[in-house]
Number of protein chains: 2
Amino acid sequence: MTGLYTEPVQDLIDELGRLPGVGPKSAQRIAFHLLKVPEQDASRLAHAITEVKRRVQFCDTCFNIAESAQCELCSDSRRDSSVICVVEEPKDIVAVERTQEFRGRYHVLQGAINPIEGIGPDQLRVRELLERIRGDVVQEVILCTNPNIEGEATAMYLARLLEPVGINVTRIASGLPVGGDLDYADELTLGRALEGRRSVES
Amino acid sequence: MTGLYTEPVQDLIDELGRLPGVGPKSAQRIAFHLLKVPEQDASRLAHAITEVKRRVQFCDTCFNIAESAQCELCSDSRRDSSVICVVEEPKDIVAVERTQEFRGRYHVLQGAINPIEGIGPDQLRVRELLERIRGDVVQEVILCTNPNIEGEATAMYLARLLEPVGINVTRIASGLPVGGDLDYADELTLGRALEGRRSVES
């Protein structure tokens, strides 16, 4: 045998191993799984990969996933163009949309600042965000990046960057999750919840 | 949007989610990764999947992976046909070959008995194993399934099944791994090591 496995199997293991979160053991497991499944199951997966690259692109305006130059949200004229919600990834748009609390526009950074992985503002869609708020349409930018180290760093960076522009820059609240239990909350979250306390309206 | 994501993206997430060890969150992560990578990276993966199904099959004799009707090991006339090493998966052959301790033939069951997942002897290549040992060429069958619940159950089942055939049926030894530390060994392994103790040759 050349290498451990016959060439097409080794190639597949190598390609699978490049996917995020797929280690060498998982890659091997998935490869053998694909060897065993019926031909049409494997080709459905191969086809789905090809199709996604052929049909899906990123929106020219907000960098959400789109099937044409503009995503469905950007082409929806009923949405409020005065508010932009800045998120890290297209999947975050889905999460915000599910709340049905937001009817404005989005901007997808396509990542977060992460010096360890070499991701700085230049690797993100920051320049494009600045261009979008250049006119006087946008009144508020909501920084909706993840409440983790990278997301917080990104939000801090953008807040400073947008300060001279003179628009309203807000950050989503950190605090206890609804339905959560006080004694299960970590001290950071509880600290944030206290810091962000509001007066009770009665 | 129909569903959460545009159709090609949702299709890809669904197909990825069918792979072993890939949950909904990982499927989503991999799909967005594939959206971001250059076209040729994604098509290399799709091509590797198609190629593996086109070029790789299972050996007619031992059910190892093969690029023709017989795998490289079965077509090697220098190997000893009197001993068959029974393993669960093709990857186990690679592990045994690495030891350079075995020069006989293999038989891949393509799984292990697992009632919870509905895998019984009929779902494995047990019938084909019986056919192989029908002649008087095979003198020994080494049960080389994993030393876990499913592998042990499979070995026990095969040992009983092969008893009336009158050939030598052996099981690989369980015990402490070489280079292991006695006080890190679990009690089951240490128990097996004691049970399988041998007289010291001096």
# chains A, B, ... in the order shown; residues from 1 in each chain; ligands from 1

$ closest_atom_pairs --of "chain B" --to "chain A" --cutoff "9 Å" --atoms "only C-alpha atoms" --output "Markdown table"
| residue | atom | partner | partner_atom | distance |
| --- | --- | --- | --- | --- |
| B:Met1 | CA | A:Glu72 | CA | 7.2 |
| B:Leu4 | CA | A:Val94 | CA | 6.5 |
| B:Tyr5 | CA | A:Val94 | CA | 7.8 |
| B:Thr6 | CA | A:Ala66 | CA | 7.4 |
| B:Glu7 | CA | A:Val52 | CA | 8.9 |
| B:Pro8 | CA | A:Val52 | CA | 5.2 |
| B:Val9 | CA | A:Val52 | CA | 6.0 |
| B:Asp11 | CA | A:Ala48 | CA | 6.3 |
| B:Leu12 | CA | A:Ala48 | CA | 5.0 |
| B:Ile13 | CA | A:Ala48 | CA | 8.8 |
| B:Glu15 | CA | A:Leu45 | CA | 5.5 |
| B:Leu16 | CA | A:Leu45 | CA | 7.1 |
| B:Leu19 | CA | A:Ile30 | CA | 6.3 |
| B:Pro20 | CA | A:Ile30 | CA | 6.1 |
| B:Gly21 | CA | A:Ser26 | CA | 7.2 |
| B:Val22 | CA | A:Val22 | CA | 8.8 |
| B:Ser26 | CA | A:Gly21 | CA | 7.2 |
| B:Gln28 | CA | A:Lys91 | CA | 8.3 |
| B:Arg29 | CA | A:Pro20 | CA | 7.3 |
| B:Ile30 | CA | A:Pro20 | CA | 6.1 |
| B:Ala31 | CA | A:Ile49 | CA | 8.3 |
| B:Phe32 | CA | A:Pro90 | CA | 8.3 |
| B:His33 | CA | A:Pro20 | CA | 7.3 |
| B:Leu34 | CA | A:Ile49 | CA | 7.6 |
| B:Leu35 | CA | A:Lys53 | CA | 6.5 |
| B:Lys36 | CA | A:Gln110 | CA | 8.9 |
| B:Pro38 | CA | A:Lys53 | CA | 8.9 |
| B:Glu39 | CA | A:Lys53 | CA | 6.5 |
| B:Asp41 | CA | A:Glu15 | CA | 8.6 |
| B:Ala42 | CA | A:Ile49 | CA | 6.7 |
| B:Ser43 | CA | A:Thr50 | CA | 6.4 |
| B:Arg44 | CA | A:Glu15 | CA | 7.3 |
| B:Leu45 | CA | A:Glu15 | CA | 5.5 |
| B:Ala46 | CA | A:Ala46 | CA | 4.4 |
| B:His47 | CA | A:Ala46 | CA | 7.2 |
| B:Ala48 | CA | A:Leu12 | CA | 5.0 |
| B:Ile49 | CA | A:Ala46 | CA | 6.2 |
| B:Thr50 | CA | A:Ser43 | CA | 6.4 |
| B:Glu51 | CA | A:Pro8 | CA | 6.4 |
| B:Val52 | CA | A:Pro8 | CA | 5.2 |
| B:Lys53 | CA | A:Leu35 | CA | 6.5 |
| B:Arg54 | CA | A:Glu39 | CA | 8.6 |
| B:Arg55 | CA | A:Pro8 | CA | 7.2 |
| B:Val56 | CA | A:Pro8 | CA | 7.2 |
| B:Gln57 | CA | A:Leu35 | CA | 7.7 |
| B:Phe58 | CA | A:Leu35 | CA | 8.7 |
| B:Ile65 | CA | A:Thr6 | CA | 7.8 |
| B:Ala66 | CA | A:Thr6 | CA | 7.4 |
| B:Glu67 | CA | A:Thr6 | CA | 7.6 |
| B:Glu72 | CA | A:Met1 | CA | 7.2 |
| B:Leu73 | CA | A:Met1 | CA | 8.7 |
| B:Glu89 | CA | A:Phe32 | CA | 8.6 |
| B:Pro90 | CA | A:Phe32 | CA | 8.3 |
| B:Lys91 | CA | A:Gln28 | CA | 8.3 |
| B:Val94 | CA | A:Leu4 | CA | 6.5 |
| B:Gln110 | CA | A:Lys36 | CA | 8.8 |

$ select_by_dssp --residues "chain A" --states "alpha helix (DSSP H)" --output "PyMOL selection string"
chain A and resi 7-17+24-36+39-55+90-99+126-132+149-162+187-195

$ residues_around --residues "Leu161 (chain A)" --least-positions-apart "4" --cutoff "10 Å" --atoms "only C-alpha atoms" --output "list in words"
Val126, Leu130, Ala155, Met156, Tyr157 and Val165 of chain A

$ atom_distance --atom1 "CA of Cys62 (chain B)" --atom2 "CA of Cys74 (chain B)"
7.3 Å

$ residues_around --residues "Asn148 (chain A)" --least-positions-apart "5" --cutoff "12 Å" --atoms "only C-alpha atoms" --output "list in words"
Glu88, Ala112, Ile113, Asn114, Ala153, Thr154, Ala155, Met156, Ser174, Leu188 and Thr189 of chain A

$ write_last_selection --atoms "all heavy atoms" --output "PDB file, in the first residue's frame"
ATOM      1  N   GLU A  88     -21.138  39.010  13.598  1.00  0.00           N
ATOM      2  CA  GLU A  88     -19.918  38.362  13.131  1.00  0.00           C
ATOM      3  C   GLU A  88     -20.156  37.495  11.895  1.00  0.00           C
ATOM      4  O   GLU A  88     -19.389  37.526  10.951  1.00  0.00           O
ATOM      5  CB  GLU A  88     -19.314  37.494  14.255  1.00  0.00           C
ATOM      6  CG  GLU A  88     -18.808  38.318  15.432  1.00  0.00           C
ATOM      7  CD  GLU A  88     -18.247  37.443  16.547  1.00  0.00           C
ATOM      8  OE1 GLU A  88     -17.891  36.276  16.299  1.00  0.00           O
ATOM      9  OE2 GLU A  88     -18.171  37.939  17.687  1.00  0.00           O
ATOM     10  N   ALA A 112     -14.360  37.898  13.753  1.00  0.00           N
ATOM     11  CA  ALA A 112     -14.132  38.806  14.870  1.00  0.00           C
ATOM     12  C   ALA A 112     -12.627  38.980  15.012  1.00  0.00           C
ATOM     13  O   ALA A 112     -11.858  38.132  14.549  1.00  0.00           O
ATOM     14  CB  ALA A 112     -14.728  38.236  16.151  1.00  0.00           C
ATOM     15  N   ILE A 113     -12.236  40.066  15.643  1.00  0.00           N
ATOM     16  CA  ILE A 113     -10.805  40.318  15.838  1.00  0.00           C
ATOM     17  C   ILE A 113     -10.211  39.213  16.713  1.00  0.00           C
ATOM     18  O   ILE A 113     -10.728  38.911  17.783  1.00  0.00           O
ATOM     19  CB  ILE A 113     -10.577  41.713  16.474  1.00  0.00           C
ATOM     20  CG1 ILE A 113     -10.969  42.801  15.463  1.00  0.00           C
ATOM     21  CG2 ILE A 113      -9.127  41.882  16.918  1.00  0.00           C
ATOM     22  CD1 ILE A 113     -10.953  44.214  16.023  1.00  0.00           C
ATOM     23  N   ASN A 114      -9.154  38.575  16.226  1.00  0.00           N
ATOM     24  CA  ASN A 114      -8.529  37.467  16.939  1.00  0.00           C
ATOM     25  C   ASN A 114      -7.039  37.442  16.596  1.00  0.00           C
ATOM     26  O   ASN A 114      -6.624  36.788  15.633  1.00  0.00           O
ATOM     27  CB  ASN A 114      -9.215  36.152  16.522  1.00  0.00           C
ATOM     28  CG  ASN A 114      -8.775  34.976  17.360  1.00  0.00           C
ATOM     29  OD1 ASN A 114      -7.725  35.029  18.007  1.00  0.00           O
ATOM     30  ND2 ASN A 114      -9.562  33.918  17.346  1.00  0.00           N
ATOM     31  N   ALA A 153     -13.699  42.427  21.966  1.00  0.00           N
ATOM     32  CA  ALA A 153     -12.597  43.208  21.398  1.00  0.00           C
ATOM     33  C   ALA A 153     -13.041  43.891  20.109  1.00  0.00           C
ATOM     34  O   ALA A 153     -12.731  45.062  19.863  1.00  0.00           O
ATOM     35  CB  ALA A 153     -11.395  42.303  21.133  1.00  0.00           C
ATOM     36  N   THR A 154     -13.795  43.167  19.301  1.00  0.00           N
ATOM     37  CA  THR A 154     -14.288  43.709  18.038  1.00  0.00           C
ATOM     38  C   THR A 154     -15.245  44.865  18.297  1.00  0.00           C
ATOM     39  O   THR A 154     -15.173  45.911  17.638  1.00  0.00           O
ATOM     40  CB  THR A 154     -14.985  42.593  17.232  1.00  0.00           C
ATOM     41  OG1 THR A 154     -14.134  41.459  17.188  1.00  0.00           O
ATOM     42  CG2 THR A 154     -15.295  43.056  15.816  1.00  0.00           C
ATOM     43  N   ALA A 155     -16.135  44.680  19.275  1.00  0.00           N
ATOM     44  CA  ALA A 155     -17.104  45.721  19.608  1.00  0.00           C
ATOM     45  C   ALA A 155     -16.389  46.973  20.125  1.00  0.00           C
ATOM     46  O   ALA A 155     -16.719  48.095  19.718  1.00  0.00           O
ATOM     47  CB  ALA A 155     -18.095  45.200  20.655  1.00  0.00           C
ATOM     48  N   MET A 156     -15.385  46.776  20.994  1.00  0.00           N
ATOM     49  CA  MET A 156     -14.608  47.905  21.520  1.00  0.00           C
ATOM     50  C   MET A 156     -13.919  48.651  20.389  1.00  0.00           C
ATOM     51  O   MET A 156     -13.932  49.885  20.332  1.00  0.00           O
ATOM     52  CB  MET A 156     -13.532  47.397  22.496  1.00  0.00           C
ATOM     53  CG  MET A 156     -14.063  46.855  23.792  1.00  0.00           C
ATOM     54  SD  MET A 156     -14.661  48.162  24.864  1.00  0.00           S
ATOM     55  CE  MET A 156     -13.106  48.688  25.601  1.00  0.00           C
ATOM     56  N   SER A 174     -25.303  42.415  28.206  1.00  0.00           N
ATOM     57  CA  SER A 174     -24.865  41.151  28.792  1.00  0.00           C
ATOM     58  C   SER A 174     -25.577  40.994  30.111  1.00  0.00           C
ATOM     59  O   SER A 174     -25.845  41.969  30.806  1.00  0.00           O
ATOM     60  CB  SER A 174     -23.353  41.162  29.038  1.00  0.00           C
ATOM     61  OG  SER A 174     -22.675  40.768  27.885  1.00  0.00           O
ATOM     62  N   LEU A 188     -18.625  36.481  36.066  1.00  0.00           N
ATOM     63  CA  LEU A 188     -18.509  37.524  35.049  1.00  0.00           C
ATOM     64  C   LEU A 188     -19.888  37.950  34.547  1.00  0.00           C
ATOM     65  O   LEU A 188     -20.185  39.142  34.454  1.00  0.00           O
ATOM     66  CB  LEU A 188     -17.689  37.011  33.862  1.00  0.00           C
ATOM     67  CG  LEU A 188     -16.263  37.512  33.747  1.00  0.00           C
ATOM     68  CD1 LEU A 188     -15.544  36.817  32.601  1.00  0.00           C
ATOM     69  CD2 LEU A 188     -16.262  39.029  33.524  1.00  0.00           C
ATOM     70  N   THR A 189     -20.716  36.936  34.237  1.00  0.00           N
ATOM     71  CA  THR A 189     -22.059  37.223  33.738  1.00  0.00           C
ATOM     72  C   THR A 189     -22.876  37.949  34.795  1.00  0.00           C
ATOM     73  O   THR A 189     -23.551  38.942  34.505  1.00  0.00           O
ATOM     74  CB  THR A 189     -22.758  35.907  33.332  1.00  0.00           C
ATOM     75  OG1 THR A 189     -21.948  35.248  32.367  1.00  0.00           O
ATOM     76  CG2 THR A 189     -24.129  36.157  32.736  1.00  0.00           C
TER      77      THR A 189
END

$ atom_distance --atom1 "CA of Gln139 (chain B)" --atom2 "CA of Pro177 (chain B)"
28.5 Å

$ select_by_dssp --residues "region 155-193 of chain B" --states "strand (DSSP E or B)" --output "ChimeraX atom specification"
/B:168-171

$ decode --residues "region 58-94 of chain B" --atoms "N, CA, C and O atoms" --output "PDB file, in the first residue's frame"
ATOM      1  N   PHE B  58     -15.209  -2.550  -1.940  1.00  0.00           N
ATOM      2  CA  PHE B  58     -14.758  -3.481  -0.909  1.00  0.00           C
ATOM      3  C   PHE B  58     -14.289  -4.763  -1.577  1.00  0.00           C
ATOM      4  O   PHE B  58     -14.877  -5.211  -2.556  1.00  0.00           O
ATOM      5  N   CYS B  59     -13.203  -5.327  -1.043  1.00  0.00           N
ATOM      6  CA  CYS B  59     -12.627  -6.565  -1.562  1.00  0.00           C
ATOM      7  C   CYS B  59     -13.672  -7.685  -1.515  1.00  0.00           C
ATOM      8  O   CYS B  59     -14.355  -7.850  -0.504  1.00  0.00           O
ATOM      9  N   ASP B  60     -13.787  -8.455  -2.596  1.00  0.00           N
ATOM     10  CA  ASP B  60     -14.776  -9.538  -2.663  1.00  0.00           C
ATOM     11  C   ASP B  60     -14.497 -10.634  -1.644  1.00  0.00           C
ATOM     12  O   ASP B  60     -15.401 -11.364  -1.242  1.00  0.00           O
ATOM     13  N   THR B  61     -13.235 -10.764  -1.249  1.00  0.00           N
ATOM     14  CA  THR B  61     -12.852 -11.844  -0.336  1.00  0.00           C
ATOM     15  C   THR B  61     -12.916 -11.403   1.124  1.00  0.00           C
ATOM     16  O   THR B  61     -13.610 -12.007   1.941  1.00  0.00           O
ATOM     17  N   CYS B  62     -12.173 -10.316   1.440  1.00  0.00           N
ATOM     18  CA  CYS B  62     -12.022  -9.971   2.864  1.00  0.00           C
ATOM     19  C   CYS B  62     -12.768  -8.699   3.273  1.00  0.00           C
ATOM     20  O   CYS B  62     -12.798  -8.353   4.441  1.00  0.00           O
ATOM     21  N   PHE B  63     -13.348  -7.960   2.306  1.00  0.00           N
ATOM     22  CA  PHE B  63     -14.112  -6.746   2.559  1.00  0.00           C
ATOM     23  C   PHE B  63     -13.286  -5.583   3.090  1.00  0.00           C
ATOM     24  O   PHE B  63     -13.805  -4.638   3.682  1.00  0.00           O
ATOM     25  N   ASN B  64     -11.987  -5.663   2.862  1.00  0.00           N
ATOM     26  CA  ASN B  64     -11.116  -4.505   3.043  1.00  0.00           C
ATOM     27  C   ASN B  64     -11.418  -3.523   1.909  1.00  0.00           C
ATOM     28  O   ASN B  64     -12.060  -3.880   0.925  1.00  0.00           O
ATOM     29  N   ILE B  65     -10.945  -2.287   2.025  1.00  0.00           N
ATOM     30  CA  ILE B  65     -11.094  -1.367   0.899  1.00  0.00           C
ATOM     31  C   ILE B  65     -10.147  -1.800  -0.216  1.00  0.00           C
ATOM     32  O   ILE B  65      -9.049  -2.299   0.044  1.00  0.00           O
ATOM     33  N   ALA B  66     -10.587  -1.631  -1.453  1.00  0.00           N
ATOM     34  CA  ALA B  66      -9.812  -2.120  -2.592  1.00  0.00           C
ATOM     35  C   ALA B  66     -10.100  -1.263  -3.815  1.00  0.00           C
ATOM     36  O   ALA B  66     -11.145  -0.635  -3.900  1.00  0.00           O
ATOM     37  N   GLU B  67      -9.141  -1.206  -4.727  1.00  0.00           N
ATOM     38  CA  GLU B  67      -9.387  -0.473  -5.974  1.00  0.00           C
ATOM     39  C   GLU B  67      -9.804  -1.421  -7.096  1.00  0.00           C
ATOM     40  O   GLU B  67     -10.050  -0.999  -8.207  1.00  0.00           O
ATOM     41  N   SER B  68      -9.820  -2.730  -6.809  1.00  0.00           N
ATOM     42  CA  SER B  68     -10.357  -3.682  -7.785  1.00  0.00           C
ATOM     43  C   SER B  68     -11.107  -4.768  -6.998  1.00  0.00           C
ATOM     44  O   SER B  68     -11.356  -4.609  -5.804  1.00  0.00           O
ATOM     45  N   ALA B  69     -11.452  -5.875  -7.643  1.00  0.00           N
ATOM     46  CA  ALA B  69     -12.262  -6.898  -6.976  1.00  0.00           C
ATOM     47  C   ALA B  69     -11.544  -7.524  -5.777  1.00  0.00           C
ATOM     48  O   ALA B  69     -12.170  -7.988  -4.833  1.00  0.00           O
ATOM     49  N   GLN B  70     -10.193  -7.545  -5.833  1.00  0.00           N
ATOM     50  CA  GLN B  70      -9.407  -8.098  -4.725  1.00  0.00           C
ATOM     51  C   GLN B  70      -8.519  -7.000  -4.160  1.00  0.00           C
ATOM     52  O   GLN B  70      -7.908  -6.248  -4.908  1.00  0.00           O
ATOM     53  N   CYS B  71      -8.412  -6.949  -2.835  1.00  0.00           N
ATOM     54  CA  CYS B  71      -7.540  -5.930  -2.246  1.00  0.00           C
ATOM     55  C   CYS B  71      -6.081  -6.353  -2.395  1.00  0.00           C
ATOM     56  O   CYS B  71      -5.785  -7.495  -2.745  1.00  0.00           O
ATOM     57  N   GLU B  72      -5.183  -5.424  -2.102  1.00  0.00           N
ATOM     58  CA  GLU B  72      -3.750  -5.695  -2.277  1.00  0.00           C
ATOM     59  C   GLU B  72      -3.275  -6.827  -1.390  1.00  0.00           C
ATOM     60  O   GLU B  72      -2.374  -7.581  -1.752  1.00  0.00           O
ATOM     61  N   LEU B  73      -3.878  -6.952  -0.207  1.00  0.00           N
ATOM     62  CA  LEU B  73      -3.452  -7.995   0.732  1.00  0.00           C
ATOM     63  C   LEU B  73      -3.924  -9.370   0.277  1.00  0.00           C
ATOM     64  O   LEU B  73      -3.199 -10.351   0.400  1.00  0.00           O
ATOM     65  N   CYS B  74      -5.143  -9.437  -0.267  1.00  0.00           N
ATOM     66  CA  CYS B  74      -5.659 -10.729  -0.724  1.00  0.00           C
ATOM     67  C   CYS B  74      -4.950 -11.188  -1.995  1.00  0.00           C
ATOM     68  O   CYS B  74      -4.826 -12.388  -2.243  1.00  0.00           O
ATOM     69  N   SER B  75      -4.501 -10.239  -2.808  1.00  0.00           N
ATOM     70  CA  SER B  75      -3.828 -10.655  -4.041  1.00  0.00           C
ATOM     71  C   SER B  75      -2.332 -10.918  -3.831  1.00  0.00           C
ATOM     72  O   SER B  75      -1.647 -11.377  -4.746  1.00  0.00           O
ATOM     73  N   ASP B  76      -1.840 -10.694  -2.610  1.00  0.00           N
ATOM     74  CA  ASP B  76      -0.431 -10.942  -2.311  1.00  0.00           C
ATOM     75  C   ASP B  76      -0.228 -12.435  -2.001  1.00  0.00           C
ATOM     76  O   ASP B  76      -0.611 -12.916  -0.938  1.00  0.00           O
ATOM     77  N   SER B  77       0.417 -13.143  -2.938  1.00  0.00           N
ATOM     78  CA  SER B  77       0.525 -14.604  -2.805  1.00  0.00           C
ATOM     79  C   SER B  77       1.496 -15.025  -1.714  1.00  0.00           C
ATOM     80  O   SER B  77       1.521 -16.179  -1.298  1.00  0.00           O
ATOM     81  N   ARG B  78       2.330 -14.072  -1.236  1.00  0.00           N
ATOM     82  CA  ARG B  78       3.307 -14.428  -0.205  1.00  0.00           C
ATOM     83  C   ARG B  78       2.690 -14.536   1.189  1.00  0.00           C
ATOM     84  O   ARG B  78       3.323 -14.983   2.127  1.00  0.00           O
ATOM     85  N   ARG B  79       1.448 -14.088   1.329  1.00  0.00           N
ATOM     86  CA  ARG B  79       0.857 -14.111   2.671  1.00  0.00           C
ATOM     87  C   ARG B  79       0.302 -15.498   3.009  1.00  0.00           C
ATOM     88  O   ARG B  79      -0.092 -16.262   2.136  1.00  0.00           O
ATOM     89  N   ASP B  80       0.275 -15.795   4.292  1.00  0.00           N
ATOM     90  CA  ASP B  80      -0.121 -17.103   4.804  1.00  0.00           C
ATOM     91  C   ASP B  80      -1.648 -17.235   4.830  1.00  0.00           C
ATOM     92  O   ASP B  80      -2.320 -16.564   5.620  1.00  0.00           O
ATOM     93  N   SER B  81      -2.184 -18.131   3.997  1.00  0.00           N
ATOM     94  CA  SER B  81      -3.640 -18.281   3.920  1.00  0.00           C
ATOM     95  C   SER B  81      -4.218 -19.159   5.008  1.00  0.00           C
ATOM     96  O   SER B  81      -5.434 -19.341   5.080  1.00  0.00           O
ATOM     97  N   SER B  82      -3.356 -19.701   5.878  1.00  0.00           N
ATOM     98  CA  SER B  82      -3.879 -20.600   6.910  1.00  0.00           C
ATOM     99  C   SER B  82      -4.368 -19.843   8.153  1.00  0.00           C
ATOM    100  O   SER B  82      -4.998 -20.434   9.024  1.00  0.00           O
ATOM    101  N   VAL B  83      -4.047 -18.560   8.239  1.00  0.00           N
ATOM    102  CA  VAL B  83      -4.497 -17.762   9.399  1.00  0.00           C
ATOM    103  C   VAL B  83      -5.333 -16.586   8.917  1.00  0.00           C
ATOM    104  O   VAL B  83      -4.918 -15.845   8.024  1.00  0.00           O
ATOM    105  N   ILE B  84      -6.496 -16.385   9.519  1.00  0.00           N
ATOM    106  CA  ILE B  84      -7.322 -15.220   9.193  1.00  0.00           C
ATOM    107  C   ILE B  84      -7.478 -14.373  10.452  1.00  0.00           C
ATOM    108  O   ILE B  84      -7.882 -14.871  11.503  1.00  0.00           O
ATOM    109  N   CYS B  85      -7.128 -13.114  10.313  1.00  0.00           N
ATOM    110  CA  CYS B  85      -7.285 -12.159  11.406  1.00  0.00           C
ATOM    111  C   CYS B  85      -8.591 -11.395  11.161  1.00  0.00           C
ATOM    112  O   CYS B  85      -8.726 -10.695  10.160  1.00  0.00           O
ATOM    113  N   VAL B  86      -9.556 -11.536  12.066  1.00  0.00           N
ATOM    114  CA  VAL B  86     -10.869 -10.925  11.892  1.00  0.00           C
ATOM    115  C   VAL B  86     -10.905  -9.564  12.592  1.00  0.00           C
ATOM    116  O   VAL B  86     -10.662  -9.478  13.802  1.00  0.00           O
ATOM    117  N   VAL B  87     -11.163  -8.514  11.823  1.00  0.00           N
ATOM    118  CA  VAL B  87     -11.209  -7.167  12.396  1.00  0.00           C
ATOM    119  C   VAL B  87     -12.565  -6.527  12.114  1.00  0.00           C
ATOM    120  O   VAL B  87     -13.337  -7.042  11.294  1.00  0.00           O
ATOM    121  N   GLU B  88     -12.825  -5.407  12.791  1.00  0.00           N
ATOM    122  CA  GLU B  88     -14.105  -4.731  12.596  1.00  0.00           C
ATOM    123  C   GLU B  88     -14.114  -3.870  11.332  1.00  0.00           C
ATOM    124  O   GLU B  88     -15.060  -3.886  10.565  1.00  0.00           O
ATOM    125  N   GLU B  89     -13.031  -3.088  11.144  1.00  0.00           N
ATOM    126  CA  GLU B  89     -13.028  -2.094  10.070  1.00  0.00           C
ATOM    127  C   GLU B  89     -11.716  -2.131   9.296  1.00  0.00           C
ATOM    128  O   GLU B  89     -10.687  -2.565   9.838  1.00  0.00           O
ATOM    129  N   PRO B  90     -11.716  -1.633   8.051  1.00  0.00           N
ATOM    130  CA  PRO B  90     -10.462  -1.593   7.280  1.00  0.00           C
ATOM    131  C   PRO B  90      -9.331  -0.874   8.021  1.00  0.00           C
ATOM    132  O   PRO B  90      -8.168  -1.256   7.909  1.00  0.00           O
ATOM    133  N   LYS B  91      -9.673   0.149   8.809  1.00  0.00           N
ATOM    134  CA  LYS B  91      -8.618   0.888   9.513  1.00  0.00           C
ATOM    135  C   LYS B  91      -7.892   0.012  10.533  1.00  0.00           C
ATOM    136  O   LYS B  91      -6.736   0.258  10.878  1.00  0.00           O
ATOM    137  N   ASP B  92      -8.576  -1.057  11.013  1.00  0.00           N
ATOM    138  CA  ASP B  92      -7.936  -1.971  11.957  1.00  0.00           C
ATOM    139  C   ASP B  92      -6.843  -2.793  11.264  1.00  0.00           C
ATOM    140  O   ASP B  92      -5.857  -3.179  11.895  1.00  0.00           O
ATOM    141  N   ILE B  93      -7.024  -3.048   9.969  1.00  0.00           N
ATOM    142  CA  ILE B  93      -5.984  -3.754   9.203  1.00  0.00           C
ATOM    143  C   ILE B  93      -4.710  -2.918   9.201  1.00  0.00           C
ATOM    144  O   ILE B  93      -3.604  -3.432   9.413  1.00  0.00           O
ATOM    145  N   VAL B  94      -4.877  -1.614   8.985  1.00  0.00           N
ATOM    146  CA  VAL B  94      -3.719  -0.714   8.981  1.00  0.00           C
ATOM    147  C   VAL B  94      -2.987  -0.807  10.327  1.00  0.00           C
ATOM    148  O   VAL B  94      -1.757  -0.882  10.375  1.00  0.00           O
TER     149      VAL B  94
END
